[in-house]
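Below: work_33.cif (mmCIF, C-alpha atoms and all ligand atoms)
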```
data_final
#
loop_
_atom_site.label_atom_id
_atom_site.label_comp_id
_atom_site.auth_asym_id
_atom_site.auth_seq_id
_atom_site.Cartn_x
_atom_site.Cartn_y
_atom_site.Cartn_z
CA MET B 1 15.47 45.23 -38.05
CA LYS B 2 13.32 45.12 -41.20
CA LEU B 3 9.64 45.96 -40.45
CA ILE B 4 7.03 44.26 -42.62
CA LEU B 5 3.21 44.29 -42.65
CA PRO B 6 2.19 40.87 -41.27
CA ASN B 7 -0.85 38.97 -42.52
CA GLU B 8 -3.85 38.27 -40.22
CA ARG B 9 -2.60 34.83 -39.20
CA SER B 10 0.58 36.07 -37.57
CA GLN B 11 -1.52 37.68 -34.79
CA VAL B 12 1.28 39.88 -33.49
CA ASP B 13 -1.00 41.14 -30.68
CA ALA B 14 -2.40 37.75 -29.59
CA VAL B 15 0.00 36.73 -26.81
CA SER B 16 -1.96 36.41 -23.58
CA PRO B 17 -2.21 34.59 -20.27
CA VAL B 18 -4.76 31.78 -20.03
CA VAL B 19 -7.16 31.71 -17.07
CA LEU B 20 -9.93 29.38 -15.88
CA VAL B 21 -13.04 31.32 -14.93
CA THR B 22 -15.64 29.75 -12.65
CA CYS B 23 -19.29 30.74 -12.58
CA ILE B 24 -22.63 29.35 -11.35
CA ASP B 25 -26.17 28.84 -12.62
CA ASN B 26 -29.34 29.77 -10.73
CA LYS B 27 -29.26 26.42 -8.88
CA ASP B 28 -25.66 27.03 -7.73
CA ASN B 29 -24.23 24.40 -10.13
CA SER B 30 -20.77 25.53 -11.11
CA ASN B 31 -19.03 25.69 -14.48
CA ILE B 32 -15.52 26.46 -15.75
CA ILE B 33 -14.54 28.28 -18.96
CA THR B 34 -11.02 28.67 -20.34
CA LEU B 35 -10.28 32.24 -21.45
CA HIS B 36 -7.34 34.05 -22.97
CA MET B 37 -9.22 37.34 -23.19
CA TYR B 38 -8.45 38.42 -19.64
CA MET B 39 -6.87 41.69 -18.53
CA ARG B 40 -6.08 43.60 -15.36
CA LEU B 41 -7.56 47.10 -15.56
CA SER B 42 -6.77 48.96 -12.34
CA PRO B 43 -5.06 48.22 -8.99
CA ASP B 44 -7.20 50.51 -6.80
CA PRO B 45 -10.06 49.82 -7.05
CA HIS B 46 -8.85 46.40 -8.18
CA LEU B 47 -10.60 45.83 -11.52
CA VAL B 48 -10.12 43.13 -14.15
CA CYS B 49 -12.01 42.26 -17.33
CA ILE B 50 -12.88 39.16 -19.35
CA ASN B 51 -14.30 38.96 -22.87
CA ILE B 52 -16.74 36.15 -23.72
CA LEU B 53 -18.66 35.19 -26.88
CA HIS B 54 -22.45 35.42 -26.45
CA GLN B 55 -22.87 31.76 -27.47
CA ARG B 56 -20.85 30.39 -24.52
CA TYR B 57 -22.87 28.82 -21.72
CA SER B 58 -20.69 30.71 -19.20
CA HIS B 59 -21.65 34.00 -20.84
CA ASP B 60 -25.23 33.70 -19.62
CA LEU B 61 -24.23 32.36 -16.21
CA ILE B 62 -21.98 35.37 -15.54
CA SER B 63 -24.51 37.78 -17.02
CA ASN B 64 -27.30 36.43 -14.79
CA SER B 65 -25.38 35.90 -11.53
CA GLY B 66 -23.15 38.99 -11.78
CA GLU B 67 -20.21 37.05 -10.29
CA PHE B 68 -17.16 35.09 -11.45
CA VAL B 69 -13.81 33.87 -10.17
CA VAL B 70 -10.58 34.14 -12.18
CA ASN B 71 -8.38 31.11 -11.41
CA PHE B 72 -4.74 31.03 -12.55
CA PRO B 73 -3.57 27.58 -13.73
CA SER B 74 0.05 26.49 -14.01
CA ILE B 75 1.24 24.68 -17.13
CA ALA B 76 0.78 21.39 -15.23
CA LEU B 77 -2.98 21.94 -15.73
CA GLU B 78 -2.66 22.15 -19.54
CA GLU B 79 -4.93 19.14 -20.14
CA ALA B 80 -7.62 20.41 -17.74
CA MET B 81 -7.39 23.86 -19.37
CA LYS B 82 -7.97 22.27 -22.81
CA ILE B 83 -10.97 20.26 -21.55
CA CYS B 84 -12.57 23.38 -20.00
CA GLY B 85 -11.92 25.21 -23.27
CA SER B 86 -13.39 22.64 -25.64
CA ILE B 87 -16.61 21.26 -24.13
CA SER B 88 -19.64 23.08 -22.79
CA GLY B 89 -20.99 23.10 -19.26
CA ARG B 90 -24.44 22.78 -20.85
CA ASP B 91 -23.58 19.10 -21.40
CA VAL B 92 -21.11 18.05 -18.68
CA ASP B 93 -19.80 18.81 -15.21
CA LYS B 94 -16.36 20.19 -16.09
CA PHE B 95 -15.01 19.84 -12.54
CA LYS B 96 -15.50 16.07 -12.88
CA GLU B 97 -14.42 15.89 -16.52
CA ALA B 98 -11.19 17.84 -15.92
CA LYS B 99 -10.55 16.26 -12.48
CA LEU B 100 -10.50 19.64 -10.71
CA THR B 101 -11.63 20.34 -7.15
CA PRO B 102 -14.09 23.13 -6.22
CA ILE B 103 -13.49 24.90 -2.91
CA PRO B 104 -15.70 27.66 -1.46
CA ALA B 105 -14.85 31.29 -2.21
CA LYS B 106 -14.94 33.90 0.56
CA ARG B 107 -17.03 36.67 -1.02
CA VAL B 108 -18.84 35.20 -4.06
CA LYS B 109 -20.86 32.09 -4.88
CA PRO B 110 -18.77 30.57 -7.73
CA PRO B 111 -16.11 28.21 -6.29
CA LEU B 112 -12.33 28.51 -6.51
CA ILE B 113 -10.37 25.78 -8.31
CA LYS B 114 -8.12 24.22 -5.66
CA GLU B 115 -5.42 23.15 -8.15
CA CYS B 116 -4.89 26.75 -9.41
CA TYR B 117 -2.17 28.86 -7.77
CA GLY B 118 -4.16 32.10 -7.54
CA HIS B 119 -7.77 33.27 -7.47
CA LEU B 120 -9.64 36.58 -7.89
CA GLU B 121 -13.23 36.67 -6.62
CA CYS B 122 -15.09 39.20 -8.75
CA ARG B 123 -18.43 41.02 -8.88
CA VAL B 124 -19.48 42.38 -12.28
CA THR B 125 -19.54 46.21 -12.28
CA ASN B 126 -19.86 46.94 -16.01
CA LYS B 127 -20.73 45.18 -19.26
CA LEU B 128 -19.76 46.38 -22.71
CA GLN B 129 -21.18 44.78 -25.86
CA ILE B 130 -18.53 44.37 -28.58
CA ASN B 131 -20.11 42.75 -31.66
CA ASN B 132 -20.82 39.13 -30.63
CA ARG B 133 -18.95 39.36 -27.32
CA THR B 134 -19.48 40.88 -23.90
CA LEU B 135 -16.64 42.50 -22.01
CA PHE B 136 -17.35 41.97 -18.31
CA VAL B 137 -15.56 44.28 -15.89
CA GLY B 138 -15.16 42.71 -12.45
CA GLU B 139 -14.29 44.32 -9.14
CA VAL B 140 -11.99 41.99 -7.18
CA LEU B 141 -13.53 41.44 -3.73
CA SER B 142 -11.02 38.87 -2.48
CA THR B 143 -7.68 37.45 -3.68
CA SER B 144 -5.96 34.22 -2.64
CA VAL B 145 -2.65 32.69 -3.65
CA ASP B 146 -0.57 29.57 -2.93
CA GLY B 147 1.69 30.87 -0.13
CA GLU B 148 4.56 28.61 -1.22
CA LEU B 149 4.89 30.64 -4.43
CA LEU B 150 5.47 33.98 -2.67
CA ILE B 151 8.90 35.52 -2.24
CA ASN B 152 8.73 38.70 -0.08
CA ASP B 153 4.99 38.99 -0.79
CA ASN B 154 5.67 38.79 -4.52
CA LEU B 155 4.38 35.94 -6.71
CA ASP B 156 7.35 33.98 -8.12
CA LEU B 157 6.31 33.45 -11.75
CA ILE B 158 9.16 31.02 -12.41
CA LYS B 159 7.73 28.71 -9.74
CA ALA B 160 4.06 29.43 -10.56
CA LYS B 161 4.55 28.56 -14.26
CA PRO B 162 1.50 30.42 -15.66
CA ILE B 163 0.11 29.40 -19.08
CA LEU B 164 0.57 31.82 -21.96
CA GLN B 165 -0.96 31.19 -25.37
CA LYS B 166 -0.57 32.33 -28.94
CA ASN B 167 -2.46 30.76 -31.83
CA ARG B 168 -3.40 27.78 -29.61
CA ASN B 169 0.24 27.04 -28.76
CA TYR B 170 0.96 27.06 -25.03
CA TYR B 171 4.02 28.41 -23.27
CA THR B 172 5.26 29.13 -19.77
CA ILE B 173 7.96 31.26 -18.19
CA SER B 174 11.28 29.65 -17.28
CA GLU B 175 13.56 32.64 -16.66
CA ILE B 176 13.46 36.37 -15.95
C1 LIG B 201 -6.79 28.59 -24.71
C2 LIG B 201 -8.25 28.94 -24.91
C3 LIG B 201 -8.66 30.25 -24.78
C4 LIG B 201 -10.01 30.61 -24.95
N1 LIG B 201 -10.38 31.92 -24.80
C5 LIG B 201 -11.68 32.27 -24.94
C6 LIG B 201 -12.07 33.62 -24.73
O1 LIG B 201 -11.28 34.48 -24.37
N2 LIG B 201 -13.40 33.93 -24.90
C7 LIG B 201 -14.34 33.00 -25.25
O2 LIG B 201 -15.53 33.34 -25.40
N3 LIG B 201 -13.99 31.70 -25.44
C8 LIG B 201 -12.69 31.31 -25.28
N4 LIG B 201 -12.31 30.00 -25.43
C9 LIG B 201 -13.32 28.99 -25.79
C10 LIG B 201 -14.12 28.48 -24.58
O3 LIG B 201 -13.28 28.18 -23.48
C11 LIG B 201 -14.88 27.18 -24.98
O4 LIG B 201 -15.74 27.44 -26.06
C12 LIG B 201 -15.64 26.54 -23.84
O5 LIG B 201 -15.90 25.19 -24.17
C13 LIG B 201 -16.97 27.25 -23.50
O6 LIG B 201 -17.53 26.60 -22.38
P1 LIG B 201 -19.03 26.87 -21.86
O7 LIG B 201 -19.96 26.63 -23.02
O8 LIG B 201 -19.19 25.88 -20.74
O9 LIG B 201 -19.10 28.28 -21.38
C14 LIG B 201 -10.96 29.62 -25.26
C15 LIG B 201 -10.56 28.26 -25.39
C16 LIG B 201 -9.21 27.93 -25.20
C17 LIG B 201 -8.78 26.48 -25.32
#
```
Is it possible to give me this structure as structure tokens?
Ligand SMILES: Cc1cc2nc3c(=O)[nH]c(=O)nc-3n(C[C@H](O)[C@H](O)[C@H](O)COP(=O)(O)O)c2cc1C
Amino acid sequence: MKLILPNERSQVDAVSPVVLVTCIDNKDNSNIITLHMYMRLSPDPHLVCINILHQRYSHDLISNSGEFVVNFPSIALEEAMKICGSISGRDVDKFKEAKLTPIPAKRVKPPLIKECYGHLECRVTNKLQINNRTLFVGEVLSTSVDGELLINDNLDLIKAKPILQKNRNYYTISEI
């Protein structure tokens, strides 16, 4: 192997899962934002984090309500994921626009996305300002998953087909 110093555009560290995060405004209208800056932080307590630019409409919704849901889309939802990641909930109802179905969550106000295979209902516990972004840490209050994708209580990623992205190219997993 010959190691070289890559240029900025190669983004060696930019491979990440893509999630759809739901949130609500102060009239309980819901919105969806596509994010690749998502990470699991700790299993017990179950903590995750998301990183959102200040200018996003969802940024203020999550900041004000203190709640969000992380929804995991399969690659079959690629088009819906792109719609939720390219238009703003300030202007349109993204559930309608992306043809997704809201269903009530158990512990928080933002809805789950029915078509996604897994959901984490989160309450914001910490916020960290990083330049023009906020890193929201969420405590997971409830988790749900499509039971048909479980093998011995373990999520089968080959069947779930999560979306991974790098430089706006989208991938999924087809073998172990
Ligand atoms: C694959 C993908 C990943 C994205 N990841 C992020 C992200 O991690 N943080 C962020 O602030 N915006 C991210 N975006 C951009 C937002 O999803 C996009 O600007 C969206 O339209 C904002 O919606 P809103 O104004 O309704 O909140 C991503 C977009 C795509 C397509």
Pull the closest atom pair for each residue of segment 15-99 of chain B that gets at most 7 Å from segment 110-133 of chain B, along with the distance in Å to one decimal, counting all atoms listed in the file, ordering rows by chain and then ascending residue number, as a tab-separated table.
```
residue	atom	partner	partner_atom	distance
B:Thr22	CA	B:Pro110	CA	5.9
B:Cys23	CA	B:Pro110	CA	4.9
B:Ile24	CA	B:Pro110	CA	5.4
B:Ser30	CA	B:Pro110	CA	6.4
B:Asn51	CA	B:Arg133	CA	6.4
B:Ile52	CA	B:Arg133	CA	5.3
B:Leu53	CA	B:Arg133	CA	4.2
B:His54	CA	B:Arg133	CA	5.3
B:Gly66	CA	B:Val124	CA	5.0
B:Glu67	CA	B:Arg123	CA	4.6
B:Phe68	CA	B:Cys122	CA	5.3
B:Val69	CA	B:Glu121	CA	4.6
B:Val70	CA	B:Leu120	CA	5.0
B:Asn71	CA	B:His119	CA	4.5
B:Phe72	CA	B:Gly118	CA	5.2
B:Pro73	CA	B:Cys116	CA	4.6
B:Ser74	CA	B:Cys116	CA	6.8
```
Which residues sit within 7 Å of ligand LIG 201 (chain B), counting all atoms listed in the file, listed as a PyMOL selection string?
chain B and resi 18+31-38+51-53+56-59+81-82+84-90+165+168
Taking all atoms listed in the file into account, name the residue in B:Ser65, B:Ser16, B:Thr134, B:Asn154 that is nearest to Asn169 of chain B.
B:Ser16
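For the pair atom CA of Pro162 of chain B and atom CA of Val19 of chain B, the separation is 8.9 Å.
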Using Å and a single decimal, report how far atom CA of Gln11 of chain B sits from atom CA of Gln55 of chain B.
23.3 Å
Local residues around (-11.6, 21.1, -14.1), at most 9 Å away, using only C-alpha atoms, as a short mmCIF file (atom, residue, chain, number, x, y, z; two decimals) with C-alpha atoms, in the frame of the given file:
```
data_model
loop_
_atom_site.label_atom_id
_atom_site.label_comp_id
_atom_site.auth_asym_id
_atom_site.auth_seq_id
_atom_site.Cartn_x
_atom_site.Cartn_y
_atom_site.Cartn_z
CA LEU B 20 -9.93 29.38 -15.88
CA ASN B 31 -19.03 25.69 -14.48
CA ILE B 32 -15.52 26.46 -15.75
CA LEU B 77 -2.98 21.94 -15.73
CA ALA B 80 -7.62 20.41 -17.74
CA MET B 81 -7.39 23.86 -19.37
CA ILE B 83 -10.97 20.26 -21.55
CA CYS B 84 -12.57 23.38 -20.00
CA ASP B 93 -19.80 18.81 -15.21
CA LYS B 94 -16.36 20.19 -16.09
CA PHE B 95 -15.01 19.84 -12.54
CA LYS B 96 -15.50 16.07 -12.88
CA GLU B 97 -14.42 15.89 -16.52
CA ALA B 98 -11.19 17.84 -15.92
CA LYS B 99 -10.55 16.26 -12.48
CA LEU B 100 -10.50 19.64 -10.71
CA THR B 101 -11.63 20.34 -7.15
CA PRO B 102 -14.09 23.13 -6.22
CA ILE B 113 -10.37 25.78 -8.31
CA GLU B 115 -5.42 23.15 -8.15
#
```
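Take atom CA of Asp60 of chain B and atom CA of Asn26 of chain B: the distance between them is 10.6 Å.
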Surrounding residues of Ile176 of chain B excluding itself and chain neighbours under 6 positions, 12 Å, only C-alpha atoms, as number ranges by chain:
B: 156-159, 161
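Taking all atoms listed in the file into account, Leu164 of chain B lies nearest to B:Glu78 out of the set B:Glu78, B:Leu47, B:Arg40, B:Val12.
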Write out as a list of chain:residue names the residues lying within 6 Å of His46 of chain B, counting only C-alpha atoms and excluding same-chain residues fewer than 4 positions away.
B:Ser42, B:Glu139, B:Val140
